>>> print(open('work_9.cif').read())   # mmCIF, C-alpha atoms and all ligand atoms
data_upload
#
loop_
_atom_site.label_atom_id
_atom_site.label_comp_id
_atom_site.auth_asym_id
_atom_site.auth_seq_id
_atom_site.Cartn_x
_atom_site.Cartn_y
_atom_site.Cartn_z
CA MET A 1 -43.88 -303.31 16.27
CA SER A 2 -47.56 -304.20 16.41
CA SER A 3 -48.56 -306.37 13.46
CA ALA A 4 -51.36 -303.92 12.55
CA ASN A 5 -48.79 -301.20 11.83
CA GLN A 6 -46.78 -303.31 9.44
CA VAL A 7 -47.42 -304.90 6.06
CA LEU A 8 -44.91 -307.45 4.82
CA ILE A 9 -44.04 -307.58 1.15
CA ALA A 10 -42.76 -310.67 -0.67
CA ILE A 11 -41.36 -310.10 -4.14
CA ILE A 12 -40.86 -312.84 -6.72
CA GLY A 13 -38.96 -311.50 -9.75
CA ALA A 14 -36.40 -308.69 -9.77
CA GLY A 15 -35.86 -308.01 -13.48
CA GLY A 16 -36.77 -304.88 -15.44
CA VAL A 17 -40.14 -304.30 -13.76
CA GLY A 18 -39.06 -305.73 -10.38
CA LYS A 19 -36.16 -303.26 -10.05
CA CYS A 20 -38.38 -300.29 -10.98
CA PHE A 21 -40.96 -301.53 -8.46
CA LEU A 22 -38.29 -301.63 -5.73
CA SER A 23 -37.33 -298.05 -6.45
CA GLN A 24 -40.98 -296.94 -6.28
CA LEU A 25 -41.44 -298.93 -3.06
CA GLN A 26 -38.57 -297.01 -1.51
CA THR A 27 -40.24 -293.68 -2.36
CA LEU A 28 -43.59 -294.95 -1.14
CA ALA A 29 -42.21 -296.19 2.17
CA SER A 30 -40.58 -292.83 2.88
CA ARG A 31 -43.75 -290.89 1.96
CA ARG A 32 -46.17 -293.11 3.90
CA PRO A 33 -44.58 -294.16 7.20
CA THR A 34 -47.74 -296.02 8.32
CA PRO A 35 -48.24 -298.88 7.92
CA LYS A 36 -44.55 -299.72 7.74
CA LEU A 37 -43.83 -301.59 4.52
CA SER A 38 -41.14 -304.24 5.00
CA ILE A 39 -39.76 -306.69 2.48
CA CYS A 40 -39.67 -310.18 4.02
CA TYR A 41 -38.76 -312.22 0.92
CA ILE A 42 -37.31 -311.47 -2.49
CA SER A 43 -36.17 -313.89 -5.18
CA THR A 44 -35.24 -314.42 -8.79
CA SER A 45 -35.39 -317.88 -10.32
CA LYS A 46 -31.97 -318.72 -8.87
CA LYS A 47 -31.45 -316.67 -5.71
CA ALA A 48 -33.44 -315.61 -2.69
CA LEU A 49 -33.14 -313.34 0.30
CA PHE A 50 -35.14 -313.77 3.51
CA ASN A 51 -34.74 -314.02 7.26
CA ASN A 52 -36.31 -316.87 9.22
CA ASP A 53 -37.70 -314.39 11.76
CA TYR A 54 -39.19 -312.19 8.96
CA SER A 55 -36.97 -309.26 9.94
CA PRO A 56 -36.95 -306.68 7.15
CA ILE A 57 -34.66 -306.69 4.11
CA PRO A 58 -33.67 -303.04 3.46
CA THR A 59 -35.37 -301.88 0.24
CA GLU A 60 -32.45 -299.71 -0.87
CA THR A 61 -29.94 -302.58 -0.83
CA ALA A 62 -32.29 -305.47 -1.72
CA VAL A 63 -31.09 -305.82 -5.35
CA ASP A 64 -27.40 -305.91 -4.42
CA GLU A 65 -27.94 -308.20 -1.44
CA LEU A 66 -30.02 -310.53 -3.60
CA ALA A 67 -27.27 -310.67 -6.23
CA ALA A 68 -24.76 -311.58 -3.52
CA SER A 69 -27.04 -314.04 -1.73
CA THR A 70 -26.12 -317.71 -1.53
CA LYS A 71 -29.67 -318.75 -0.57
CA VAL A 72 -31.78 -320.49 -3.19
CA PRO A 73 -35.52 -319.77 -3.57
CA PHE A 74 -38.06 -321.86 -1.64
CA ALA A 75 -40.27 -324.16 -3.70
CA LEU A 76 -43.63 -322.45 -4.23
CA PRO A 77 -45.59 -324.47 -1.60
CA ASN A 78 -42.86 -323.55 0.94
CA ILE A 79 -43.14 -319.84 0.05
CA VAL A 80 -46.89 -320.14 0.74
CA ASP A 81 -46.20 -321.76 4.14
CA TYR A 82 -43.48 -319.22 5.04
CA LEU A 83 -45.69 -316.23 4.18
CA ALA A 84 -48.83 -317.70 5.77
CA ALA A 85 -46.94 -318.01 9.09
CA ALA A 86 -45.76 -314.37 9.02
CA PRO A 87 -46.52 -312.13 12.00
CA SER A 88 -48.26 -309.45 9.85
CA LYS A 89 -50.42 -309.29 6.75
CA VAL A 90 -48.51 -310.13 3.57
CA ILE A 91 -48.76 -308.92 -0.02
CA LEU A 92 -47.07 -311.03 -2.71
CA VAL A 93 -45.72 -309.05 -5.67
CA ASP A 94 -45.22 -311.38 -8.64
CA ASN A 95 -42.93 -309.61 -11.10
CA THR A 96 -42.28 -312.72 -13.20
CA SER A 97 -43.99 -314.05 -16.32
CA SER A 98 -43.97 -317.52 -14.78
CA GLN A 99 -46.94 -319.87 -15.29
CA ASP A 100 -45.81 -321.89 -12.23
CA VAL A 101 -46.02 -318.86 -9.95
CA ALA A 102 -49.41 -317.96 -11.50
CA ASP A 103 -50.72 -321.49 -10.92
CA ALA A 104 -49.93 -321.09 -7.20
CA TYR A 105 -52.10 -317.94 -6.76
CA PRO A 106 -55.11 -319.88 -5.40
CA SER A 107 -52.83 -321.41 -2.71
CA PHE A 108 -51.47 -317.99 -1.69
CA LEU A 109 -54.90 -316.35 -1.71
CA SER A 110 -56.63 -319.11 0.22
CA ARG A 111 -54.02 -318.65 2.99
CA GLY A 112 -54.85 -314.92 3.22
CA ILE A 113 -51.90 -313.62 1.16
CA SER A 114 -52.92 -310.80 -1.19
CA ILE A 115 -51.36 -310.54 -4.66
CA VAL A 116 -50.43 -307.67 -7.00
CA THR A 117 -48.83 -308.45 -10.34
CA PRO A 118 -48.15 -307.44 -13.95
CA ASN A 119 -48.00 -311.16 -14.90
CA LYS A 120 -50.71 -312.00 -17.46
CA LYS A 121 -50.43 -315.77 -17.10
CA ALA A 122 -52.85 -316.30 -14.21
CA PHE A 123 -55.66 -314.26 -15.71
CA SER A 124 -55.30 -315.37 -19.32
CA GLY A 125 -54.68 -319.07 -18.78
CA SER A 126 -57.48 -321.58 -18.31
CA TYR A 127 -60.89 -320.27 -17.21
CA LYS A 128 -60.70 -322.82 -14.36
CA LEU A 129 -57.62 -321.08 -12.92
CA TRP A 130 -59.39 -317.69 -13.22
CA GLN A 131 -62.37 -319.05 -11.25
CA GLU A 132 -60.12 -320.66 -8.62
CA ILE A 133 -58.22 -317.40 -8.09
CA PHE A 134 -61.28 -315.26 -7.50
CA ALA A 135 -63.05 -317.95 -5.44
CA ALA A 136 -59.99 -318.26 -3.17
CA ALA A 137 -59.82 -314.46 -2.76
CA ALA A 138 -63.55 -314.21 -1.98
CA ASP A 139 -63.28 -317.00 0.62
CA SER A 140 -60.26 -315.66 2.49
CA GLY A 141 -60.74 -311.92 1.99
CA ALA A 142 -57.29 -311.62 0.43
CA LYS A 143 -57.05 -309.16 -2.48
CA VAL A 144 -55.78 -309.64 -6.01
CA TYR A 145 -54.98 -306.79 -8.42
CA HIS A 146 -53.33 -306.96 -11.86
CA GLU A 147 -53.63 -303.54 -13.53
CA SER A 148 -50.32 -303.86 -15.39
CA SER A 149 -51.30 -307.15 -17.02
CA VAL A 150 -53.00 -305.09 -19.78
CA GLY A 151 -51.54 -301.82 -21.11
CA ALA A 152 -48.83 -301.66 -18.38
CA GLY A 153 -49.57 -298.70 -16.05
CA LEU A 154 -52.45 -297.34 -18.17
CA PRO A 155 -55.74 -297.44 -16.24
CA VAL A 156 -57.35 -300.10 -18.43
CA ILE A 157 -58.48 -302.77 -15.97
CA SER A 158 -59.56 -300.29 -13.28
CA THR A 159 -61.55 -298.34 -15.88
CA LEU A 160 -63.31 -301.46 -17.15
CA LYS A 161 -64.07 -302.61 -13.60
CA ASP A 162 -65.49 -299.18 -12.73
CA LEU A 163 -67.71 -299.19 -15.85
CA VAL A 164 -69.03 -302.67 -15.03
CA ASP A 165 -69.38 -302.11 -11.26
CA THR A 166 -71.32 -298.86 -11.68
CA GLY A 167 -73.82 -300.56 -14.01
CA ASP A 168 -72.76 -299.24 -17.39
CA GLU A 169 -73.25 -301.63 -20.28
CA VAL A 170 -69.98 -302.23 -22.11
CA THR A 171 -70.84 -303.08 -25.71
CA LYS A 172 -67.42 -303.21 -27.33
CA ILE A 173 -63.73 -302.89 -26.45
CA GLU A 174 -61.27 -302.25 -29.25
CA GLY A 175 -57.66 -301.23 -29.38
CA VAL A 176 -53.99 -301.61 -30.05
CA PHE A 177 -52.72 -303.66 -27.12
CA SER A 178 -49.11 -304.26 -28.07
CA GLY A 179 -46.36 -301.65 -28.05
CA THR A 180 -44.44 -303.76 -30.56
CA MET A 181 -47.36 -304.00 -33.01
CA SER A 182 -48.09 -300.31 -32.50
CA PHE A 183 -44.51 -299.35 -33.39
CA LEU A 184 -44.42 -301.73 -36.38
CA PHE A 185 -47.65 -300.51 -38.01
CA ASN A 186 -47.12 -296.84 -37.20
CA SER A 187 -43.85 -297.04 -39.16
CA PHE A 188 -44.93 -299.58 -41.84
CA ALA A 189 -48.18 -297.77 -42.71
CA PRO A 190 -47.90 -294.24 -41.28
CA LEU A 191 -50.49 -291.53 -41.87
CA GLU A 192 -47.76 -289.36 -43.44
CA GLY A 193 -45.50 -290.86 -46.10
CA SER A 194 -45.41 -294.38 -47.47
CA GLY A 195 -43.59 -296.21 -44.67
CA GLY A 196 -40.89 -298.86 -44.94
CA GLN A 197 -40.78 -302.47 -46.10
CA TRP A 198 -42.39 -304.81 -43.57
CA SER A 199 -39.25 -306.94 -43.01
CA ALA A 200 -37.08 -303.82 -42.59
CA GLU A 201 -39.48 -302.43 -39.96
CA VAL A 202 -39.45 -305.72 -38.03
CA LYS A 203 -35.65 -305.73 -38.11
CA LYS A 204 -35.52 -302.11 -36.93
CA ALA A 205 -38.01 -302.81 -34.12
CA LYS A 206 -35.83 -305.69 -32.94
CA GLU A 207 -32.67 -303.54 -33.04
CA LEU A 208 -34.42 -300.85 -30.98
CA GLY A 209 -35.42 -303.43 -28.36
CA TYR A 210 -39.16 -303.24 -29.11
CA THR A 211 -39.54 -306.95 -29.88
CA GLU A 212 -38.90 -310.14 -27.96
CA PRO A 213 -35.50 -311.74 -28.74
CA ASP A 214 -37.36 -313.85 -31.35
CA PRO A 215 -39.81 -311.42 -33.05
CA ARG A 216 -42.14 -314.33 -33.81
CA ASP A 217 -43.16 -314.19 -30.11
CA ASP A 218 -44.74 -310.79 -30.88
CA LEU A 219 -45.94 -311.51 -34.41
CA ASN A 220 -47.93 -314.63 -33.43
CA GLY A 221 -50.55 -312.39 -31.75
CA LEU A 222 -50.64 -314.49 -28.55
CA ASP A 223 -49.61 -311.62 -26.25
CA VAL A 224 -52.53 -309.53 -27.56
CA ALA A 225 -54.83 -312.56 -27.29
CA ARG A 226 -53.88 -312.93 -23.61
CA LYS A 227 -54.79 -309.29 -22.91
CA LEU A 228 -58.10 -309.67 -24.76
CA THR A 229 -58.86 -312.79 -22.72
CA ILE A 230 -58.41 -310.81 -19.50
CA LEU A 231 -60.63 -307.91 -20.63
CA ALA A 232 -63.31 -310.19 -22.08
CA ARG A 233 -63.54 -312.08 -18.78
CA LEU A 234 -63.79 -308.83 -16.82
CA ALA A 235 -66.57 -307.75 -19.20
CA GLY A 236 -68.43 -310.93 -18.28
CA LEU A 237 -67.53 -313.33 -21.11
CA PRO A 238 -66.31 -316.74 -19.88
CA VAL A 239 -63.53 -316.98 -22.49
CA GLU A 240 -61.96 -320.43 -22.14
CA SER A 241 -58.38 -319.52 -23.16
CA PRO A 242 -56.39 -317.16 -25.43
CA THR A 243 -56.52 -319.80 -28.14
CA SER A 244 -60.31 -320.22 -28.06
CA PHE A 245 -61.02 -317.33 -30.47
CA PRO A 246 -59.59 -316.21 -33.84
CA VAL A 247 -56.06 -314.83 -33.59
CA GLN A 248 -54.27 -313.82 -36.80
CA SER A 249 -50.57 -314.60 -36.78
CA LEU A 250 -48.27 -312.43 -38.88
CA ILE A 251 -45.71 -315.21 -39.16
CA PRO A 252 -45.70 -316.61 -42.71
CA LYS A 253 -46.53 -320.36 -42.58
CA GLU A 254 -43.18 -321.18 -44.22
CA LEU A 255 -41.27 -319.44 -41.41
CA GLU A 256 -43.16 -320.87 -38.45
CA SER A 257 -40.67 -323.66 -37.91
CA VAL A 258 -37.35 -322.04 -38.86
CA SER A 259 -34.96 -322.70 -36.05
CA SER A 260 -34.00 -319.20 -34.87
CA GLY A 261 -35.20 -315.61 -34.72
CA ASP A 262 -32.18 -314.59 -36.79
CA GLU A 263 -33.03 -317.03 -39.58
CA PHE A 264 -36.63 -315.78 -39.44
CA LEU A 265 -35.47 -312.17 -39.93
CA GLN A 266 -33.13 -313.21 -42.73
CA ARG A 267 -35.94 -314.89 -44.70
CA LEU A 268 -38.75 -312.42 -43.90
CA PRO A 269 -38.05 -310.19 -46.98
CA GLU A 270 -39.25 -313.11 -49.18
CA PHE A 271 -42.74 -312.39 -47.86
CA ASP A 272 -42.80 -308.58 -48.00
CA SER A 273 -45.14 -308.59 -51.01
CA GLN A 274 -47.99 -310.07 -48.89
CA MET A 275 -47.85 -307.19 -46.41
CA GLU A 276 -47.39 -304.65 -49.23
CA GLU A 277 -50.62 -305.90 -50.81
CA THR A 278 -52.47 -305.47 -47.51
CA LYS A 279 -51.08 -301.93 -47.13
CA ALA A 280 -52.04 -301.07 -50.72
CA ALA A 281 -55.56 -302.50 -50.34
CA ALA A 282 -56.13 -300.26 -47.32
CA GLY A 283 -54.54 -297.26 -49.07
CA ASN A 284 -56.86 -297.69 -52.09
CA GLN A 285 -59.81 -297.19 -49.74
CA GLY A 286 -58.22 -294.16 -48.06
CA LYS A 287 -57.48 -296.26 -44.97
CA VAL A 288 -54.51 -297.63 -43.02
CA VAL A 289 -53.94 -301.12 -41.67
CA ARG A 290 -53.41 -301.76 -37.94
CA PHE A 291 -53.08 -304.85 -35.71
CA VAL A 292 -55.94 -304.70 -33.22
CA GLY A 293 -57.92 -306.72 -30.74
CA SER A 294 -61.66 -306.37 -30.28
CA ILE A 295 -64.37 -307.72 -28.02
CA ASP A 296 -67.99 -307.44 -29.13
CA VAL A 297 -69.75 -308.11 -25.86
CA ALA A 298 -73.27 -308.64 -27.28
CA THR A 299 -72.25 -311.21 -29.87
CA LYS A 300 -69.47 -312.59 -27.60
CA ALA A 301 -67.05 -312.24 -30.54
CA VAL A 302 -63.40 -311.82 -29.53
CA LYS A 303 -60.75 -311.50 -32.25
CA VAL A 304 -57.21 -310.37 -32.86
CA GLY A 305 -55.74 -309.43 -36.24
CA LEU A 306 -55.36 -306.90 -39.04
CA GLU A 307 -58.11 -304.33 -39.60
CA MET A 308 -58.40 -301.23 -41.79
CA PHE A 309 -59.19 -297.86 -40.26
CA ASP A 310 -60.18 -294.49 -41.70
CA ARG A 311 -57.27 -292.08 -41.52
CA SER A 312 -59.27 -289.91 -39.08
CA HIS A 313 -59.83 -292.81 -36.64
CA PRO A 314 -57.96 -292.49 -33.29
CA ILE A 315 -56.42 -295.95 -33.85
CA ALA A 316 -54.95 -294.77 -37.18
CA ALA A 317 -53.43 -291.69 -35.56
CA LEU A 318 -51.52 -293.53 -32.82
CA LYS A 319 -47.84 -292.55 -32.44
CA GLY A 320 -44.64 -294.43 -31.57
CA SER A 321 -45.27 -297.55 -29.54
CA ASP A 322 -48.34 -296.26 -27.68
CA ASN A 323 -51.34 -298.41 -26.81
CA ILE A 324 -54.91 -297.24 -27.28
CA ILE A 325 -57.98 -298.87 -25.79
CA SER A 326 -61.51 -297.66 -26.62
CA PHE A 327 -64.46 -298.61 -24.42
CA TYR A 328 -67.83 -298.34 -26.16
CA THR A 329 -70.60 -298.29 -23.58
CA LYS A 330 -74.26 -297.36 -23.25
CA ARG A 331 -73.39 -294.29 -21.16
CA TYR A 332 -70.63 -293.03 -23.43
CA GLY A 333 -72.78 -293.51 -26.55
CA SER A 334 -71.09 -293.23 -29.91
CA ASN A 335 -67.95 -291.47 -28.55
CA PRO A 336 -65.96 -294.11 -26.72
CA LEU A 337 -64.02 -293.61 -23.50
CA ILE A 338 -60.41 -293.82 -24.70
CA VAL A 339 -57.29 -294.68 -22.70
CA GLN A 340 -54.03 -294.03 -24.54
CA GLY A 341 -50.30 -293.85 -23.80
CA ALA A 342 -47.20 -295.95 -23.20
CA GLY A 343 -48.18 -299.58 -22.78
CA ALA A 344 -44.72 -300.93 -21.95
CA GLY A 345 -41.56 -300.00 -20.05
CA GLY A 346 -40.28 -300.80 -16.58
CA ASP A 347 -41.25 -297.56 -14.86
CA VAL A 348 -44.82 -297.32 -16.15
CA THR A 349 -45.45 -301.03 -15.61
CA ALA A 350 -44.13 -300.78 -12.04
CA MET A 351 -46.40 -297.77 -11.50
CA GLY A 352 -49.40 -300.02 -12.12
CA VAL A 353 -48.00 -302.54 -9.64
CA THR A 354 -47.26 -299.91 -6.99
CA SER A 355 -50.68 -298.30 -7.32
CA ASP A 356 -52.28 -301.75 -6.96
CA LEU A 357 -50.15 -302.25 -3.85
CA LEU A 358 -51.53 -299.01 -2.42
CA LYS A 359 -55.09 -300.19 -3.07
CA VAL A 360 -54.45 -303.46 -1.28
CA ILE A 361 -52.74 -301.72 1.66
CA SER A 362 -55.72 -299.42 2.14
CA GLN A 363 -58.05 -302.42 2.20
CA ILE A 364 -56.11 -304.82 4.44
CA SER A 365 -54.46 -302.52 6.97
CA LYS A 366 -57.51 -301.15 8.74
N1 LIG B 1 -41.40 -304.85 -19.24
C1 LIG B 1 -42.56 -304.35 -19.63
O1 LIG B 1 -42.63 -303.34 -20.34
C2 LIG B 1 -43.83 -305.00 -19.19
C3 LIG B 1 -45.07 -304.43 -19.54
C4 LIG B 1 -46.26 -305.02 -19.08
C5 LIG B 1 -46.19 -306.20 -18.34
N2 LIG B 1 -44.97 -306.75 -18.07
C6 LIG B 1 -44.93 -307.99 -17.30
O2 LIG B 1 -44.14 -307.79 -16.14
C7 LIG B 1 -43.53 -309.03 -15.76
C8 LIG B 1 -42.04 -308.82 -15.56
O3 LIG B 1 -41.47 -308.34 -16.77
P1 LIG B 1 -39.92 -307.95 -16.86
O4 LIG B 1 -39.79 -307.18 -18.12
O5 LIG B 1 -39.47 -307.38 -15.58
O6 LIG B 1 -39.26 -309.41 -17.05
P2 LIG B 1 -37.72 -309.79 -16.76
O7 LIG B 1 -36.84 -308.60 -16.87
O8 LIG B 1 -37.47 -310.99 -17.61
O9 LIG B 1 -37.69 -310.24 -15.22
C9 LIG B 1 -38.33 -311.39 -14.75
C10 LIG B 1 -37.84 -311.69 -13.35
O10 LIG B 1 -38.60 -312.79 -12.84
C11 LIG B 1 -37.68 -313.78 -12.37
N3 LIG B 1 -38.32 -315.10 -12.51
C12 LIG B 1 -38.76 -315.69 -13.62
N4 LIG B 1 -39.33 -316.89 -13.33
C13 LIG B 1 -39.23 -317.03 -11.98
C14 LIG B 1 -39.62 -318.02 -11.07
N5 LIG B 1 -40.24 -319.13 -11.48
N6 LIG B 1 -39.35 -317.83 -9.75
C15 LIG B 1 -38.71 -316.73 -9.32
N7 LIG B 1 -38.32 -315.72 -10.15
C16 LIG B 1 -38.58 -315.89 -11.46
C17 LIG B 1 -36.46 -313.63 -13.22
O11 LIG B 1 -35.36 -314.22 -12.58
P3 LIG B 1 -34.10 -314.79 -13.45
O12 LIG B 1 -33.42 -313.58 -13.98
O13 LIG B 1 -33.30 -315.55 -12.46
O14 LIG B 1 -34.72 -315.66 -14.52
C18 LIG B 1 -36.37 -312.09 -13.27
O15 LIG B 1 -35.82 -311.59 -12.07
C19 LIG B 1 -43.89 -310.03 -16.87
O16 LIG B 1 -45.01 -310.77 -16.49
C20 LIG B 1 -44.23 -309.12 -18.04
O17 LIG B 1 -45.13 -309.72 -18.97
C21 LIG B 1 -43.81 -306.18 -18.46
#
>>> encode(input="work_9.cif", output="structure tokens", more="lines below")
Ligand SMILES: NC(=O)c1ccc[n+]([C@@H]2O[C@H](COP(=O)([O-])OP(=O)(O)OC[C@H]3O[C@@H](n4cnc5c(N)ncnc54)[C@H](OP(=O)(O)O)[C@@H]3O)[C@@H](O)[C@H]2O)c1
Amino acid sequence: MSSANQVLIAIIGAGGVGKCFLSQLQTLASRRPTPKLSICYISTSKKALFNNDYSPIPTETAVDELAASTKVPFALPNIVDYLAAAPSKVILVDNTSSQDVADAYPSFLSRGISIVTPNKKAFSGSYKLWQEIFAAAADSGAKVYHESSVGAGLPVISTLKDLVDTGDEVTKIEGVFSGTMSFLFNSFAPLEGSGGQWSAEVKKAKELGYTEPDPRDDLNGLDVARKLTILARLAGLPVESPTSFPVQSLIPKELESVSSGDEFLQRLPEFDSQMEETKAAAGNQGKVVRFVGSIDVATKAVKVGLEMFDRSHPIAALKGSDNIISFYTKRYGSNPLIVQGAGAGGDVTAMGVTSDLLKVISQISK
């Protein structure tokens, strides 16, 4: 097969999102026969599957073959070398949350390997890494897309890029960026009824699988801060890192260092009165409390934490674990452009990855 009619795909990470991506890739490959999409490398942190001559790994059996494989993954510099020597153009799909893989993006990109990923780490780490990534892509012509790094498959990054690229002036971005925080506050301080005790809602969220294994990893606000860092940078603010602006943690000081998530949940009821006071203070003003992130572009103020909203505000009316992101711009005036919907889940996150893949294919396979 001529190399122009084939695009090779290397996949690092085959967990929740990775498996959904593989299933979407199978559908895509059958719908769009040209260029032929062939997997040439797939790995988890412990196993890998590849052929020295780059012959394709069948998409439909990749997960099972990977599980049965006795090959171990290449070290990252060797993956770069292997992919750079491939006979066709290559797209790397990083479905991990690994900082090490993210740190290697400039090496992949500078060797002409395009990247699509839901991994936030590369774009919300140091500003130096951000600059190196986009400089490497500009130099080599390789592409890098990361729609699912904010709001999963929701068109958040593409919308912001379109606003900026077409010359609109983005003045403010505000929203609920975490499915976990959305679920917690929609049930702790709902528009209808009085809601539950804070600690009971956190426990319920964990039981339903909405939180990380240790809920403190959601309650510290860092995940939201990472997403804000990405959007602020795309809006033109050179934010140094996700810890370079105010981020309110909902972990009581006394529970920051308890040894396990279980112990944290056990002791959390001791601090329910603090959250009850916050809920009551909002209620007394006819408002509800929500955990939001905001970027004020003019004043360069980025912050993450609790805010009160009128009951008629779209952020107050959010349901379930949905995300909502409002873009205030010169063109849209006082009624923001709003993107809303599921901001987590394997299928919707993989959709963002697959649609990024399509964009890259259309740009590199001319
Ligand atoms: N799930 C969602 O709803 C969602 C939403 C938005 C964004 N995301 C992002 O999507 C990415 C994947 O999420 P997920 O839920 O699929 O995670 P996951 O289920 O934990 O899967 C992660 C996969 O990456 C592999 N991996 C981790 N470090 C690796 C390394 N250094 N080298 C090779 N493979 C490595 C893991 O292999 P092992 O099993 O061997 O460790 C596993 O196969 C993350 O960046 C996450 O933040 C997820």
>>> residues_near_ligand(input="work_9.cif", ligand="ligand LIG 1 (chain B)", cutoff="7 Å", atoms="all atoms listed in the file", output="PDB file with C-alpha atoms, in the coordinates of the input")
ATOM      1  CA  ILE A  12     -40.860-312.840  -6.720  1.00  0.00           C
ATOM      2  CA  GLY A  13     -38.960-311.500  -9.750  1.00  0.00           C
ATOM      3  CA  ALA A  14     -36.400-308.690  -9.770  1.00  0.00           C
ATOM      4  CA  GLY A  15     -35.860-308.010 -13.480  1.00  0.00           C
ATOM      5  CA  GLY A  16     -36.770-304.880 -15.440  1.00  0.00           C
ATOM      6  CA  VAL A  17     -40.140-304.300 -13.760  1.00  0.00           C
ATOM      7  CA  GLY A  18     -39.060-305.730 -10.380  1.00  0.00           C
ATOM      8  CA  SER A  43     -36.170-313.890  -5.180  1.00  0.00           C
ATOM      9  CA  THR A  44     -35.240-314.420  -8.790  1.00  0.00           C
ATOM     10  CA  SER A  45     -35.390-317.880 -10.320  1.00  0.00           C
ATOM     11  CA  LYS A  46     -31.970-318.720  -8.870  1.00  0.00           C
ATOM     12  CA  ASN A  95     -42.930-309.610 -11.100  1.00  0.00           C
ATOM     13  CA  THR A  96     -42.280-312.720 -13.200  1.00  0.00           C
ATOM     14  CA  SER A  97     -43.990-314.050 -16.320  1.00  0.00           C
ATOM     15  CA  SER A  98     -43.970-317.520 -14.780  1.00  0.00           C
ATOM     16  CA  ASP A 100     -45.810-321.890 -12.230  1.00  0.00           C
ATOM     17  CA  VAL A 101     -46.020-318.860  -9.950  1.00  0.00           C
ATOM     18  CA  PRO A 118     -48.150-307.440 -13.950  1.00  0.00           C
ATOM     19  CA  ASN A 119     -48.000-311.160 -14.900  1.00  0.00           C
ATOM     20  CA  LYS A 120     -50.710-312.000 -17.460  1.00  0.00           C
ATOM     21  CA  SER A 148     -50.320-303.860 -15.390  1.00  0.00           C
ATOM     22  CA  SER A 149     -51.300-307.150 -17.020  1.00  0.00           C
ATOM     23  CA  VAL A 150     -53.000-305.090 -19.780  1.00  0.00           C
ATOM     24  CA  GLY A 151     -51.540-301.820 -21.110  1.00  0.00           C
ATOM     25  CA  ALA A 152     -48.830-301.660 -18.380  1.00  0.00           C
ATOM     26  CA  GLY A 343     -48.180-299.580 -22.780  1.00  0.00           C
ATOM     27  CA  ALA A 344     -44.720-300.930 -21.950  1.00  0.00           C
ATOM     28  CA  GLY A 345     -41.560-300.000 -20.050  1.00  0.00           C
ATOM     29  CA  GLY A 346     -40.280-300.800 -16.580  1.00  0.00           C
ATOM     30  CA  THR A 349     -45.450-301.030 -15.610  1.00  0.00           C
TER      31      THR A 349
END
>>> residues_near_point(input="work_9.cif", point="(-63.1, -292.8, -24.0)", cutoff="12 Å", atoms="all atoms listed in the file", output="MDAnalysis selection string")
chainID A and resid 155:156 159:160 163 170 172:175 314 324:329 331:340
>>> atom_distance(input="work_9.cif", atom1="atom CA of Leu83 of chain A", atom2="atom CA of Ala138 of chain A")
19.0 Å
>>> atom_distance(input="work_9.cif", atom1="atom CA of Ala281 of chain A", atom2="atom CA of Ile251 of chain A")
19.6 Å
>>> atom_distance(input="work_9.cif", atom1="atom CA of Ser294 of chain A", atom2="atom CA of Ala232 of chain A")
9.2 Å
>>> closest_residue(input="work_9.cif", among="A:Leu184, A:Ile230, A:Leu49, A:Val348", to="Val289 of chain A", atoms="all atoms listed in the file")
A:Leu184
>>> closest_residue(input="work_9.cif", among="A:Phe21, A:Tyr127, A:Tyr54, A:Phe291", to="Ser244 of chain A", atoms="all atoms listed in the file")
A:Tyr127
>>> residues_around(input="work_9.cif", residues="segment 188-192 of chain A", least_positions_apart="3", cutoff="10 Å", atoms="all atoms listed in the file", output="list in words")
Ser182, Phe183, Leu184, Phe185, Gly195, Gly196, Gln197, Trp198, Ser199, Ala200, Glu201, Val202, Met275, Glu276, Lys279, Ala280, Ala282, Gly283, Lys287, Val288, Val289, Arg290, Arg311, Ser312, Ala316, Ala317, Leu318 and Lys319 of chain A
>>> residues_around(input="work_9.cif", residues="Leu228 of chain A", least_positions_apart="5", cutoff="9 Å", atoms="all atoms listed in the file", output="JSON, numbers by chain")
{"A": [124, 150, 173, 177, 223, 233, 242, 293, 294, 295, 302, 303, 304]}
>>> build_atoms(input="work_9.cif", residues="segment 273-278 of chain A", atoms="N, CA and C atoms", output="mmCIF file, keeping the file's coordinate frame")
data_model
loop_
_atom_site.group_PDB
_atom_site.id
_atom_site.type_symbol
_atom_site.label_atom_id
_atom_site.label_comp_id
_atom_site.auth_asym_id
_atom_site.auth_seq_id
_atom_site.Cartn_x
_atom_site.Cartn_y
_atom_site.Cartn_z
ATOM 1 N N SER A 273 -44.083 -308.953 -50.056
ATOM 2 C CA SER A 273 -45.140 -308.590 -51.010
ATOM 3 C C SER A 273 -46.531 -308.798 -50.400
ATOM 4 N N GLN A 274 -46.671 -309.826 -49.517
ATOM 5 C CA GLN A 274 -47.990 -310.070 -48.890
ATOM 6 C C GLN A 274 -48.425 -308.858 -48.073
ATOM 7 N N MET A 275 -47.507 -308.341 -47.257
ATOM 8 C CA MET A 275 -47.850 -307.190 -46.410
ATOM 9 C C MET A 275 -48.028 -305.929 -47.259
ATOM 10 N N GLU A 276 -47.238 -305.817 -48.335
ATOM 11 C CA GLU A 276 -47.390 -304.650 -49.230
ATOM 12 C C GLU A 276 -48.789 -304.622 -49.841
ATOM 13 N N GLU A 277 -49.279 -305.817 -50.222
ATOM 14 C CA GLU A 277 -50.620 -305.900 -50.810
ATOM 15 C C GLU A 277 -51.681 -305.440 -49.807
ATOM 16 N N THR A 278 -51.515 -305.857 -48.559
ATOM 17 C CA THR A 278 -52.470 -305.470 -47.510
ATOM 18 C C THR A 278 -52.451 -303.949 -47.322
#
